[in-house]
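The file input.cif contains mmCIF, C-alpha atoms; chains and numbers go by the auth columns:
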```cif
data_coords
loop_
_atom_site.group_PDB
_atom_site.id
_atom_site.type_symbol
_atom_site.label_atom_id
_atom_site.label_comp_id
_atom_site.label_asym_id
_atom_site.label_seq_id
_atom_site.Cartn_x
_atom_site.Cartn_y
_atom_site.Cartn_z
_atom_site.B_iso_or_equiv
_atom_site.auth_seq_id
_atom_site.auth_asym_id
ATOM 1 C CA MET A 1 0.000 0.000 0.000 0.00 1 I
ATOM 2 C CA SER A 2 1.239 3.438 -0.895 0.00 2 I
ATOM 3 C CA GLU A 3 0.594 5.068 2.459 0.00 3 I
ATOM 4 C CA GLN A 4 0.275 3.795 5.999 0.00 4 I
ATOM 5 C CA ARG A 5 -3.278 2.922 6.900 0.00 5 I
ATOM 6 C CA ILE A 6 -4.771 3.664 10.284 0.00 6 I
ATOM 7 C CA ALA A 7 -6.404 0.868 12.270 0.00 7 I
ATOM 8 C CA LEU A 8 -8.546 1.185 15.385 0.00 8 I
ATOM 9 C CA VAL A 9 -8.903 -1.833 17.647 0.00 9 I
ATOM 10 C CA THR A 10 -11.548 -1.424 20.336 0.00 10 I
ATOM 11 C CA GLY A 11 -10.814 -3.323 23.527 0.00 11 I
ATOM 12 C CA GLY A 12 -7.238 -3.480 22.318 0.00 12 I
ATOM 13 C CA SER A 13 -5.438 -3.496 25.651 0.00 13 I
ATOM 14 C CA ARG A 14 -5.776 -7.173 26.500 0.00 14 I
ATOM 15 C CA GLY A 15 -6.544 -10.659 25.215 0.00 15 I
ATOM 16 C CA ILE A 16 -7.667 -10.967 21.616 0.00 16 I
ATOM 17 C CA GLY A 17 -7.644 -7.198 21.084 0.00 17 I
ATOM 18 C CA ARG A 18 -4.016 -6.932 22.183 0.00 18 I
ATOM 19 C CA ALA A 19 -2.997 -9.684 19.774 0.00 19 I
ATOM 20 C CA ILE A 20 -4.897 -7.991 16.940 0.00 20 I
ATOM 21 C CA ALA A 21 -3.291 -4.611 17.603 0.00 21 I
ATOM 22 C CA ARG A 22 0.170 -6.144 17.589 0.00 22 I
ATOM 23 C CA ARG A 23 -0.509 -8.118 14.405 0.00 23 I
ATOM 24 C CA LEU A 24 -1.904 -5.164 12.446 0.00 24 I
ATOM 25 C CA ALA A 25 1.070 -3.063 13.524 0.00 25 I
ATOM 26 C CA ALA A 26 3.421 -5.830 12.385 0.00 26 I
ATOM 27 C CA ASP A 27 1.615 -5.749 9.039 0.00 27 I
ATOM 28 C CA GLY A 28 2.527 -2.088 8.668 0.00 28 I
ATOM 29 C CA MET A 29 -0.509 -0.227 9.979 0.00 29 I
ATOM 30 C CA ALA A 30 -0.556 2.607 12.488 0.00 30 I
ATOM 31 C CA VAL A 31 -2.736 1.364 15.329 0.00 31 I
ATOM 32 C CA ALA A 32 -5.005 3.142 17.786 0.00 32 I
ATOM 33 C CA VAL A 33 -5.388 0.912 20.845 0.00 33 I
ATOM 34 C CA ASN A 34 -8.703 1.598 22.557 0.00 34 I
ATOM 35 C CA TYR A 35 -9.236 0.827 26.218 0.00 35 I
ATOM 36 C CA SER A 36 -11.950 1.478 28.772 0.00 36 I
ATOM 37 C CA THR A 37 -10.224 1.044 32.149 0.00 37 I
ATOM 38 C CA SER A 38 -6.906 -0.716 31.426 0.00 38 I
ATOM 39 C CA ALA A 39 -4.775 2.325 30.575 0.00 39 I
ATOM 40 C CA ASP A 40 -1.544 0.709 31.780 0.00 40 I
ATOM 41 C CA MET A 41 -2.130 -2.362 29.645 0.00 41 I
ATOM 42 C CA ALA A 42 -2.908 -0.232 26.591 0.00 42 I
ATOM 43 C CA ASP A 43 0.344 1.662 27.164 0.00 43 I
ATOM 44 C CA GLU A 44 2.159 -1.681 27.226 0.00 44 I
ATOM 45 C CA VAL A 45 0.765 -2.543 23.790 0.00 45 I
ATOM 46 C CA VAL A 46 1.796 0.851 22.456 0.00 46 I
ATOM 47 C CA ALA A 47 5.289 0.367 23.898 0.00 47 I
ATOM 48 C CA ASP A 48 5.546 -3.059 22.244 0.00 48 I
ATOM 49 C CA VAL A 49 4.561 -1.626 18.870 0.00 49 I
ATOM 50 C CA THR A 50 6.756 1.467 18.995 0.00 50 I
ATOM 51 C CA GLY A 51 9.657 -0.551 20.368 0.00 51 I
ATOM 52 C CA ALA A 52 9.465 -2.685 17.238 0.00 52 I
ATOM 53 C CA GLY A 53 9.515 0.417 15.038 0.00 53 I
ATOM 54 C CA GLY A 54 5.767 0.741 14.528 0.00 54 I
ATOM 55 C CA VAL A 55 3.281 3.532 15.175 0.00 55 I
ATOM 56 C CA ALA A 56 0.620 3.274 17.888 0.00 56 I
ATOM 57 C CA ILE A 57 -1.337 5.396 20.341 0.00 57 I
ATOM 58 C CA ALA A 58 -3.634 4.534 23.246 0.00 58 I
ATOM 59 C CA VAL A 59 -7.115 6.069 23.334 0.00 59 I
ATOM 60 C CA GLY A 60 -9.472 5.751 26.277 0.00 60 I
ATOM 61 C CA CYS A 61 -13.183 5.590 25.510 0.00 61 I
ATOM 62 C CA ASP A 62 -16.457 4.046 26.640 0.00 62 I
ATOM 63 C CA VAL A 63 -17.405 2.634 23.258 0.00 63 I
ATOM 64 C CA SER A 64 -21.040 2.252 24.299 0.00 64 I
ATOM 65 C CA ASP A 65 -21.354 6.050 24.659 0.00 65 I
ATOM 66 C CA GLU A 66 -21.960 8.059 21.483 0.00 66 I
ATOM 67 C CA ALA A 67 -20.239 11.269 22.597 0.00 67 I
ATOM 68 C CA SER A 68 -17.207 9.367 23.864 0.00 68 I
ATOM 69 C CA VAL A 69 -16.924 7.490 20.561 0.00 69 I
ATOM 70 C CA ASP A 70 -16.983 10.730 18.594 0.00 70 I
ATOM 71 C CA GLN A 71 -14.266 12.197 20.811 0.00 71 I
ATOM 72 C CA MET A 72 -12.128 9.086 20.347 0.00 72 I
ATOM 73 C CA PHE A 73 -12.348 9.206 16.557 0.00 73 I
ATOM 74 C CA THR A 74 -11.600 12.925 16.525 0.00 74 I
ATOM 75 C CA ALA A 75 -8.489 12.358 18.645 0.00 75 I
ATOM 76 C CA ILE A 76 -7.295 9.571 16.330 0.00 76 I
ATOM 77 C CA GLU A 77 -7.916 11.680 13.235 0.00 77 I
ATOM 78 C CA GLN A 78 -5.950 14.573 14.694 0.00 78 I
ATOM 79 C CA GLU A 79 -2.978 12.467 15.785 0.00 79 I
ATOM 80 C CA LEU A 80 -2.790 9.731 13.144 0.00 80 I
ATOM 81 C CA GLY A 81 -5.370 10.342 10.428 0.00 81 I
ATOM 82 C CA PRO A 82 -8.717 8.837 9.388 0.00 82 I
ATOM 83 C CA VAL A 83 -9.463 5.271 10.424 0.00 83 I
ATOM 84 C CA ALA A 84 -9.339 2.938 7.421 0.00 84 I
ATOM 85 C CA VAL A 85 -9.479 -0.389 9.289 0.00 85 I
ATOM 86 C CA LEU A 86 -11.940 -0.746 12.156 0.00 86 I
ATOM 87 C CA VAL A 87 -11.860 -3.787 14.417 0.00 87 I
ATOM 88 C CA ASN A 88 -14.868 -3.871 16.742 0.00 88 I
ATOM 89 C CA ASN A 89 -13.490 -6.159 19.414 0.00 89 I
ATOM 90 C CA ALA A 90 -14.608 -4.618 22.726 0.00 90 I
ATOM 91 C CA GLY A 91 -16.804 -6.955 24.728 0.00 91 I
ATOM 92 C CA ILE A 92 -17.835 -8.048 28.197 0.00 92 I
ATOM 93 C CA THR A 93 -19.670 -10.954 29.796 0.00 93 I
ATOM 94 C CA ARG A 94 -22.133 -10.983 32.677 0.00 94 I
ATOM 95 C CA ASP A 95 -23.146 -14.599 32.731 0.00 95 I
ATOM 96 C CA GLY A 96 -26.157 -16.104 34.451 0.00 96 I
ATOM 97 C CA LEU A 97 -29.329 -18.008 33.766 0.00 97 I
ATOM 98 C CA ALA A 98 -31.929 -15.851 32.043 0.00 98 I
ATOM 99 C CA ALA A 99 -34.520 -16.548 34.727 0.00 99 I
ATOM 100 C CA ARG A 100 -32.327 -14.819 37.298 0.00 100 I
ATOM 101 C CA MET A 101 -30.550 -12.287 35.072 0.00 101 I
ATOM 102 C CA SER A 102 -31.077 -8.623 35.889 0.00 102 I
ATOM 103 C CA THR A 103 -32.226 -6.231 33.206 0.00 103 I
ATOM 104 C CA GLU A 104 -29.072 -4.202 33.792 0.00 104 I
ATOM 105 C CA ASP A 105 -26.829 -7.218 33.154 0.00 105 I
ATOM 106 C CA PHE A 106 -28.686 -7.949 29.923 0.00 106 I
ATOM 107 C CA THR A 107 -28.715 -4.413 28.555 0.00 107 I
ATOM 108 C CA ARG A 108 -25.135 -3.591 29.604 0.00 108 I
ATOM 109 C CA VAL A 109 -23.726 -6.544 27.666 0.00 109 I
ATOM 110 C CA LEU A 110 -25.711 -5.536 24.592 0.00 110 I
ATOM 111 C CA ALA A 111 -24.537 -1.931 24.948 0.00 111 I
ATOM 112 C CA VAL A 112 -20.828 -2.766 25.202 0.00 112 I
ATOM 113 C CA ASN A 113 -20.816 -5.606 22.675 0.00 113 I
ATOM 114 C CA LEU A 114 -23.417 -4.624 20.079 0.00 114 I
ATOM 115 C CA THR A 115 -24.288 -0.937 20.383 0.00 115 I
ATOM 116 C CA SER A 116 -20.584 -0.081 20.402 0.00 116 I
ATOM 117 C CA THR A 117 -20.177 -1.929 17.103 0.00 117 I
ATOM 118 C CA PHE A 118 -22.894 0.253 15.579 0.00 118 I
ATOM 119 C CA LEU A 119 -21.538 3.499 17.042 0.00 119 I
ATOM 120 C CA CYS A 120 -17.945 2.927 15.959 0.00 120 I
ATOM 121 C CA SER A 121 -18.960 1.641 12.528 0.00 121 I
ATOM 122 C CA ARG A 122 -21.219 4.618 11.881 0.00 122 I
ATOM 123 C CA ARG A 123 -18.545 7.088 12.974 0.00 123 I
ATOM 124 C CA SER A 124 -15.910 5.487 10.745 0.00 124 I
ATOM 125 C CA MET A 125 -18.124 5.458 7.649 0.00 125 I
ATOM 126 C CA ARG A 126 -17.753 9.120 6.722 0.00 126 I
ATOM 127 C CA ASN A 127 -14.035 8.876 6.012 0.00 127 I
ATOM 128 C CA MET A 128 -14.186 5.381 4.537 0.00 128 I
ATOM 129 C CA MET A 129 -16.938 6.430 2.117 0.00 129 I
ATOM 130 C CA LYS A 130 -14.968 9.532 1.140 0.00 130 I
ATOM 131 C CA ALA A 131 -11.848 7.431 0.528 0.00 131 I
ATOM 132 C CA ARG A 132 -13.907 4.712 -1.191 0.00 132 I
ATOM 133 C CA TRP A 133 -11.968 2.077 0.751 0.00 133 I
ATOM 134 C CA GLY A 134 -12.346 0.534 4.149 0.00 134 I
ATOM 135 C CA ARG A 135 -12.301 -2.600 6.234 0.00 135 I
ATOM 136 C CA MET A 136 -14.611 -3.329 9.146 0.00 136 I
ATOM 137 C CA ILE A 137 -14.063 -6.535 11.098 0.00 137 I
ATOM 138 C CA ASN A 138 -16.501 -7.305 13.903 0.00 138 I
ATOM 139 C CA LEU A 139 -15.760 -9.859 16.611 0.00 139 I
ATOM 140 C CA SER A 140 -18.704 -12.178 17.069 0.00 140 I
ATOM 141 C CA SER A 141 -18.535 -15.640 18.677 0.00 141 I
ATOM 142 C CA VAL A 142 -19.620 -19.217 18.185 0.00 142 I
ATOM 143 C CA SER A 143 -22.029 -18.401 21.034 0.00 143 I
ATOM 144 C CA GLY A 144 -23.746 -16.019 18.622 0.00 144 I
ATOM 145 C CA ILE A 145 -24.301 -18.881 16.198 0.00 145 I
ATOM 146 C CA GLY A 146 -25.248 -21.782 18.428 0.00 146 I
ATOM 147 C CA GLY A 147 -26.046 -20.120 21.740 0.00 147 I
ATOM 148 C CA ASN A 148 -24.636 -21.051 25.125 0.00 148 I
ATOM 149 C CA PRO A 149 -26.434 -21.791 28.404 0.00 149 I
ATOM 150 C CA GLY A 150 -25.971 -19.010 30.933 0.00 150 I
ATOM 151 C CA GLN A 151 -25.020 -16.517 28.244 0.00 151 I
ATOM 152 C CA SER A 152 -28.319 -15.378 26.770 0.00 152 I
ATOM 153 C CA ASN A 153 -27.173 -11.745 26.902 0.00 153 I
ATOM 154 C CA TYR A 154 -23.733 -12.448 25.413 0.00 154 I
ATOM 155 C CA SER A 155 -25.110 -14.803 22.747 0.00 155 I
ATOM 156 C CA ALA A 156 -27.777 -12.271 21.774 0.00 156 I
ATOM 157 C CA SER A 157 -25.173 -9.531 21.405 0.00 157 I
ATOM 158 C CA LYS A 158 -22.904 -11.713 19.283 0.00 158 I
ATOM 159 C CA ALA A 159 -25.791 -12.919 17.107 0.00 159 I
ATOM 160 C CA GLY A 160 -26.756 -9.279 16.640 0.00 160 I
ATOM 161 C CA ILE A 161 -23.245 -8.521 15.430 0.00 161 I
ATOM 162 C CA ILE A 162 -23.645 -11.130 12.691 0.00 162 I
ATOM 163 C CA GLY A 163 -26.918 -9.605 11.479 0.00 163 I
ATOM 164 C CA PHE A 164 -25.430 -6.109 11.642 0.00 164 I
ATOM 165 C CA THR A 165 -22.341 -7.234 9.711 0.00 165 I
ATOM 166 C CA ARG A 166 -24.342 -8.780 6.889 0.00 166 I
ATOM 167 C CA SER A 167 -26.660 -5.802 6.562 0.00 167 I
ATOM 168 C CA LEU A 168 -23.853 -3.250 6.609 0.00 168 I
ATOM 169 C CA ALA A 169 -21.869 -5.242 4.060 0.00 169 I
ATOM 170 C CA GLN A 170 -24.728 -4.765 1.608 0.00 170 I
ATOM 171 C CA GLU A 171 -25.024 -1.050 2.384 0.00 171 I
ATOM 172 C CA LEU A 172 -21.330 -0.218 1.968 0.00 172 I
ATOM 173 C CA GLY A 173 -20.068 -2.698 -0.613 0.00 173 I
ATOM 174 C CA SER A 174 -20.520 -0.309 -3.543 0.00 174 I
ATOM 175 C CA ARG A 175 -17.986 2.033 -1.900 0.00 175 I
ATOM 176 C CA SER A 176 -15.299 -0.695 -1.750 0.00 176 I
ATOM 177 C CA ILE A 177 -15.817 -1.041 2.000 0.00 177 I
ATOM 178 C CA THR A 178 -15.961 -4.623 3.214 0.00 178 I
ATOM 179 C CA VAL A 179 -17.661 -5.647 6.447 0.00 179 I
ATOM 180 C CA ASN A 180 -16.939 -9.084 7.868 0.00 180 I
ATOM 181 C CA ALA A 181 -17.093 -10.893 11.184 0.00 181 I
ATOM 182 C CA VAL A 182 -14.823 -13.328 12.979 0.00 182 I
ATOM 183 C CA ALA A 183 -16.476 -15.824 15.322 0.00 183 I
ATOM 184 C CA PRO A 184 -13.942 -17.313 17.743 0.00 184 I
ATOM 185 C CA GLY A 185 -14.512 -20.524 19.624 0.00 185 I
ATOM 186 C CA PHE A 186 -12.898 -21.155 23.009 0.00 186 I
ATOM 187 C CA ILE A 187 -9.828 -18.922 23.204 0.00 187 I
ATOM 188 C CA GLU A 188 -7.449 -18.715 26.161 0.00 188 I
ATOM 189 C CA THR A 189 -7.744 -15.137 27.478 0.00 189 I
ATOM 190 C CA ASP A 190 -8.327 -13.335 30.774 0.00 190 I
ATOM 191 C CA MET A 191 -12.057 -13.470 30.040 0.00 191 I
ATOM 192 C CA THR A 192 -12.023 -17.272 29.832 0.00 192 I
ATOM 193 C CA SER A 193 -9.461 -17.976 32.567 0.00 193 I
ATOM 194 C CA ASP A 194 -12.029 -19.165 35.114 0.00 194 I
ATOM 195 C CA VAL A 195 -13.622 -21.519 32.593 0.00 195 I
ATOM 196 C CA VAL A 196 -10.230 -22.856 31.534 0.00 196 I
ATOM 197 C CA ALA A 197 -9.276 -23.536 35.155 0.00 197 I
ATOM 198 C CA THR A 198 -12.415 -25.548 35.876 0.00 198 I
ATOM 199 C CA ARG A 199 -13.401 -27.038 32.515 0.00 199 I
ATOM 200 C CA GLY A 200 -10.368 -26.692 30.271 0.00 200 I
ATOM 201 C CA ASP A 201 -9.901 -30.418 29.605 0.00 201 I
ATOM 202 C CA GLU A 202 -13.608 -30.943 29.013 0.00 202 I
ATOM 203 C CA ILE A 203 -13.730 -28.090 26.500 0.00 203 I
ATOM 204 C CA ALA A 204 -10.620 -29.288 24.672 0.00 204 I
ATOM 205 C CA GLU A 205 -12.227 -32.705 24.194 0.00 205 I
ATOM 206 C CA ARG A 206 -15.115 -31.040 22.325 0.00 206 I
ATOM 207 C CA VAL A 207 -12.764 -29.391 19.837 0.00 207 I
ATOM 208 C CA ALA A 208 -11.658 -31.406 16.806 0.00 208 I
ATOM 209 C CA LEU A 209 -8.105 -30.116 17.181 0.00 209 I
ATOM 210 C CA GLY A 210 -8.106 -31.155 20.843 0.00 210 I
ATOM 211 C CA ARG A 211 -7.132 -27.785 22.282 0.00 211 I
ATOM 212 C CA MET A 212 -8.294 -24.233 22.892 0.00 212 I
ATOM 213 C CA GLY A 213 -7.243 -21.463 20.549 0.00 213 I
ATOM 214 C CA THR A 214 -4.856 -18.578 21.100 0.00 214 I
ATOM 215 C CA PRO A 215 -5.460 -14.838 20.654 0.00 215 I
ATOM 216 C CA GLU A 216 -2.798 -14.817 17.948 0.00 216 I
ATOM 217 C CA GLU A 217 -4.810 -17.278 15.865 0.00 217 I
ATOM 218 C CA ILE A 218 -7.791 -14.926 15.957 0.00 218 I
ATOM 219 C CA ALA A 219 -5.505 -12.007 15.126 0.00 219 I
ATOM 220 C CA ALA A 220 -4.305 -13.852 12.018 0.00 220 I
ATOM 221 C CA ALA A 221 -7.875 -14.193 10.771 0.00 221 I
ATOM 222 C CA VAL A 222 -8.560 -10.505 11.399 0.00 222 I
ATOM 223 C CA ALA A 223 -5.344 -9.492 9.656 0.00 223 I
ATOM 224 C CA PHE A 224 -6.348 -11.491 6.587 0.00 224 I
ATOM 225 C CA LEU A 225 -9.774 -9.837 6.401 0.00 225 I
ATOM 226 C CA ALA A 226 -8.099 -6.432 6.777 0.00 226 I
ATOM 227 C CA SER A 227 -5.699 -7.114 3.922 0.00 227 I
ATOM 228 C CA GLU A 228 -5.910 -6.595 0.173 0.00 228 I
ATOM 229 C CA ASP A 229 -6.002 -10.375 -0.192 0.00 229 I
ATOM 230 C CA ALA A 230 -9.545 -10.316 1.214 0.00 230 I
ATOM 231 C CA SER A 231 -10.823 -7.612 -1.146 0.00 231 I
ATOM 232 C CA TYR A 232 -13.636 -9.832 -2.517 0.00 232 I
ATOM 233 C CA ILE A 233 -14.814 -11.191 0.832 0.00 233 I
ATOM 234 C CA ASN A 234 -17.791 -9.271 2.168 0.00 234 I
ATOM 235 C CA GLY A 235 -20.551 -10.064 4.646 0.00 235 I
ATOM 236 C CA HIS A 236 -18.785 -13.260 5.692 0.00 236 I
ATOM 237 C CA VAL A 237 -18.608 -14.816 9.163 0.00 237 I
ATOM 238 C CA LEU A 238 -15.247 -16.554 9.551 0.00 238 I
ATOM 239 C CA VAL A 239 -15.526 -19.173 12.287 0.00 239 I
ATOM 240 C CA VAL A 240 -12.210 -19.815 14.046 0.00 240 I
ATOM 241 C CA ASP A 241 -13.016 -22.577 16.523 0.00 241 I
ATOM 242 C CA GLY A 242 -10.675 -25.499 15.839 0.00 242 I
ATOM 243 C CA GLY A 243 -13.634 -27.584 14.678 0.00 243 I
ATOM 244 C CA LEU A 244 -15.776 -27.117 17.786 0.00 244 I
ATOM 245 C CA ALA A 245 -18.965 -26.720 15.754 0.00 245 I
ATOM 246 C CA LEU A 246 -18.362 -29.959 13.886 0.00 246 I
#
```
I'd like the structure from this file rewritten - as structure tokens, please.
Amino acid sequence: MSEQRIALVTGGSRGIGRAIARRLAADGMAVAVNYSTSADMADEVVADVTGAGGVAIAVGCDVSDEASVDQMFTAIEQELGPVAVLVNNAGITRDGLAARMSTEDFTRVLAVNLTSTFLCSRRSMRNMMKARWGRMINLSSVSGIGGNPGQSNYSASKAGIIGFTRSLAQELGSRSITVNAVAPGFIETDMTSDVVATRGDEIAERVALGRMGTPEEIAAAVAFLASEDASYINGHVLVVDGGLAL
């Protein structure tokens, strides 16, 4: 590519987001690492990238809040330039059986996981449409495809991301903007550490490859969808689960 493209990774300070930020930087992009509360961890990612000769900044933002999202994009545009590659990765879980789940736990998960995807995508469109090029990659989950007991809120948010991705892909395709989703299976991160500690062997037995995935393996899938090699892939949900769904 003739000039350095700017990538924004929401929830980029830890886990899958951290691996994605590092991978996109290694692929030559300038990366904005979004965080909500983990400022120190975001600074660590930035230090890793800049130490390797790349360009990165950390940007704090509640991605479920419209005004905060606008401020974040404005800051990125002023310091790096317009976002050309958007990775909507930010997400939380508040697990529990639906019968006992509070309304706040349900709506908060949808706000952080799904509404944020809409807000950040909408804000990035203006520059992508002007440039007539863009990549949006939304992190869904196998839970959004097949559901998961105790995660009705999380599964609903991730299923919503798939519907949003496919609709937006049709709206923006004529402007050479692709919109795709990646649906990870069981990945070893801070978010899954408790599950791994108690049910790791059981989960691995359900996966055809016999193990859980790594954040770097998800980052590789995202990097492919962000690349020129994926220019004719649009509205696709790339499942990266080691064969769990089989």
I'd like the residues picked by the PyMOL selection byres ((chain I and resi 50-62) around 10) written out as a JSON list (two decimals) with C-alpha atoms, in the frame of the given file, using the chain letters and numbers from the file.
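Output (result.json):
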```
[["chain", "number", "residue", "atom", "x", "y", "z"],
["I", 4, "GLN", "CA", 0.28, 3.80, 6.00],
["I", 6, "ILE", "CA", -4.77, 3.66, 10.28],
["I", 7, "ALA", "CA", -6.40, 0.87, 12.27],
["I", 8, "LEU", "CA", -8.55, 1.18, 15.38],
["I", 9, "VAL", "CA", -8.90, -1.83, 17.65],
["I", 10, "THR", "CA", -11.55, -1.42, 20.34],
["I", 11, "GLY", "CA", -10.81, -3.32, 23.53],
["I", 12, "GLY", "CA", -7.24, -3.48, 22.32],
["I", 13, "SER", "CA", -5.44, -3.50, 25.65],
["I", 21, "ALA", "CA", -3.29, -4.61, 17.60],
["I", 22, "ARG", "CA", 0.17, -6.14, 17.59],
["I", 24, "LEU", "CA", -1.90, -5.16, 12.45],
["I", 25, "ALA", "CA", 1.07, -3.06, 13.52],
["I", 26, "ALA", "CA", 3.42, -5.83, 12.38],
["I", 27, "ASP", "CA", 1.62, -5.75, 9.04],
["I", 28, "GLY", "CA", 2.53, -2.09, 8.67],
["I", 29, "MET", "CA", -0.51, -0.23, 9.98],
["I", 30, "ALA", "CA", -0.56, 2.61, 12.49],
["I", 31, "VAL", "CA", -2.74, 1.36, 15.33],
["I", 32, "ALA", "CA", -5.00, 3.14, 17.79],
["I", 33, "VAL", "CA", -5.39, 0.91, 20.84],
["I", 34, "ASN", "CA", -8.70, 1.60, 22.56],
["I", 35, "TYR", "CA", -9.24, 0.83, 26.22],
["I", 36, "SER", "CA", -11.95, 1.48, 28.77],
["I", 37, "THR", "CA", -10.22, 1.04, 32.15],
["I", 38, "SER", "CA", -6.91, -0.72, 31.43],
["I", 39, "ALA", "CA", -4.78, 2.33, 30.58],
["I", 40, "ASP", "CA", -1.54, 0.71, 31.78],
["I", 41, "MET", "CA", -2.13, -2.36, 29.64],
["I", 42, "ALA", "CA", -2.91, -0.23, 26.59],
["I", 43, "ASP", "CA", 0.34, 1.66, 27.16],
["I", 44, "GLU", "CA", 2.16, -1.68, 27.23],
["I", 45, "VAL", "CA", 0.76, -2.54, 23.79],
["I", 46, "VAL", "CA", 1.80, 0.85, 22.46],
["I", 47, "ALA", "CA", 5.29, 0.37, 23.90],
["I", 48, "ASP", "CA", 5.55, -3.06, 22.24],
["I", 49, "VAL", "CA", 4.56, -1.63, 18.87],
["I", 63, "VAL", "CA", -17.40, 2.63, 23.26],
["I", 64, "SER", "CA", -21.04, 2.25, 24.30],
["I", 65, "ASP", "CA", -21.35, 6.05, 24.66],
["I", 66, "GLU", "CA", -21.96, 8.06, 21.48],
["I", 67, "ALA", "CA", -20.24, 11.27, 22.60],
["I", 68, "SER", "CA", -17.21, 9.37, 23.86],
["I", 69, "VAL", "CA", -16.92, 7.49, 20.56],
["I", 70, "ASP", "CA", -16.98, 10.73, 18.59],
["I", 71, "GLN", "CA", -14.27, 12.20, 20.81],
["I", 72, "MET", "CA", -12.13, 9.09, 20.35],
["I", 73, "PHE", "CA", -12.35, 9.21, 16.56],
["I", 75, "ALA", "CA", -8.49, 12.36, 18.64],
["I", 76, "ILE", "CA", -7.30, 9.57, 16.33],
["I", 79, "GLU", "CA", -2.98, 12.47, 15.78],
["I", 80, "LEU", "CA", -2.79, 9.73, 13.14],
["I", 90, "ALA", "CA", -14.61, -4.62, 22.73],
["I", 112, "VAL", "CA", -20.83, -2.77, 25.20],
["I", 116, "SER", "CA", -20.58, -0.08, 20.40]]
```
(request) Can you work out the spacing between atom CA of Thr115 of chain I and atom CA of Thr93 of chain I in Å, to one decimal? (result)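 Taking atom CA of Thr115 of chain I as the start and atom CA of Thr93 of chain I as the end point, the length is 14.5 Å.
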(message) I'd like the neighbourhood of segment 153-168 of chain I as a PyMOL selection string, where a residue qualifies if any of its atoms comes within 8 Å (using all atoms listed in the file), though same-chain residues fewer than 2 positions away should be ignored.
(response) chain I and resi 92-95+105-107+109-110+113-114+117-118+138-141+143-145+147-148+151+170-172+179-181+235-237
Would you compute the box with edges along x, y and z of the file around segment 83-93 of chain I, including every atom the file lists for it and 6 Å extra on each side, and give its centre and edge lengths in Å to one decimal, as AutoDock Vina command-line options?
```
--center_x -14.5 --center_y -2.8 --center_z 18.6 --size_x 22.3 --size_y 28.2 --size_z 34.4
```
(request) Would you list the residues near (-12.8, 0.4, 3.2), meaning any protein, DNA or RNA residue with an atom at most 8 Å from that point in file coordinates, counting all atoms listed in the file, as a list in words? (result) Ala84, Val85, Met128, Met129, Ala131, Arg132, Trp133, Gly134, Arg135, Met136, Arg175, Ser176, Ile177 and Thr178 of chain I
(message) Report, in Å to a single decimal, how far apart atom CA of Gly15 of chain I and atom CA of Asn234 of chain I are.
(response)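 Calculated distance between atom CA of Asn234 of chain I and atom CA of Gly15 of chain I is 25.7 Å.
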(message) Restricting the calculation to all atoms listed in the file: of I:Gly173, I:Arg14, I:Pro215, I:Ala183, which residue gets closest to Ser231 of chain I?
(response)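 Nearest candidate to Ser231 of chain I out of I:Gly173, I:Arg14, I:Pro215, I:Ala183: I:Gly173.
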(request) Compare I:Val142, I:Ile218, I:Ile203, I:Gly210 by their minimum atom-to-atom distance to Val87 of chain I, counting all atoms listed in the file, and give me the closest one. (result)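 Among I:Val142, I:Ile218, I:Ile203, I:Gly210, it is I:Ile218 that comes nearest to Val87 of chain I.
Between atom CA of Glu217 of chain I and atom CA of Arg5 of chain I there is a distance of 22.2 Å.
Distance annotation: of I:Leu119, I:Ile16, I:Val182, I:Ala208, the residue with the minimal separation from Phe224 of chain I is I:Val182; atom set is only C-alpha atoms.
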(request) Apply the PyMOL selection byres ((chain I and resi 124) around 8) to the displayed file and report the matching residues as a list in words. (result) Phe73, Val83, Ala84, Leu86, Cys120, Ser121, Arg122, Arg123, Met125, Arg126, Asn127 and Met128 of chain I
Store the residues picked out above in a file with C-alpha atoms, as a compact mmCIF listing (two decimals), keeping the file's coordinate frame.
```txt
# COMPACT_ATOMS: atom_id res chain seq x y z
CA PHE I 73 -12.35 9.21 16.56
CA VAL I 83 -9.46 5.27 10.42
CA ALA I 84 -9.34 2.94 7.42
CA LEU I 86 -11.94 -0.75 12.16
CA CYS I 120 -17.94 2.93 15.96
CA SER I 121 -18.96 1.64 12.53
CA ARG I 122 -21.22 4.62 11.88
CA ARG I 123 -18.55 7.09 12.97
CA MET I 125 -18.12 5.46 7.65
CA ARG I 126 -17.75 9.12 6.72
CA ASN I 127 -14.04 8.88 6.01
CA MET I 128 -14.19 5.38 4.54
```
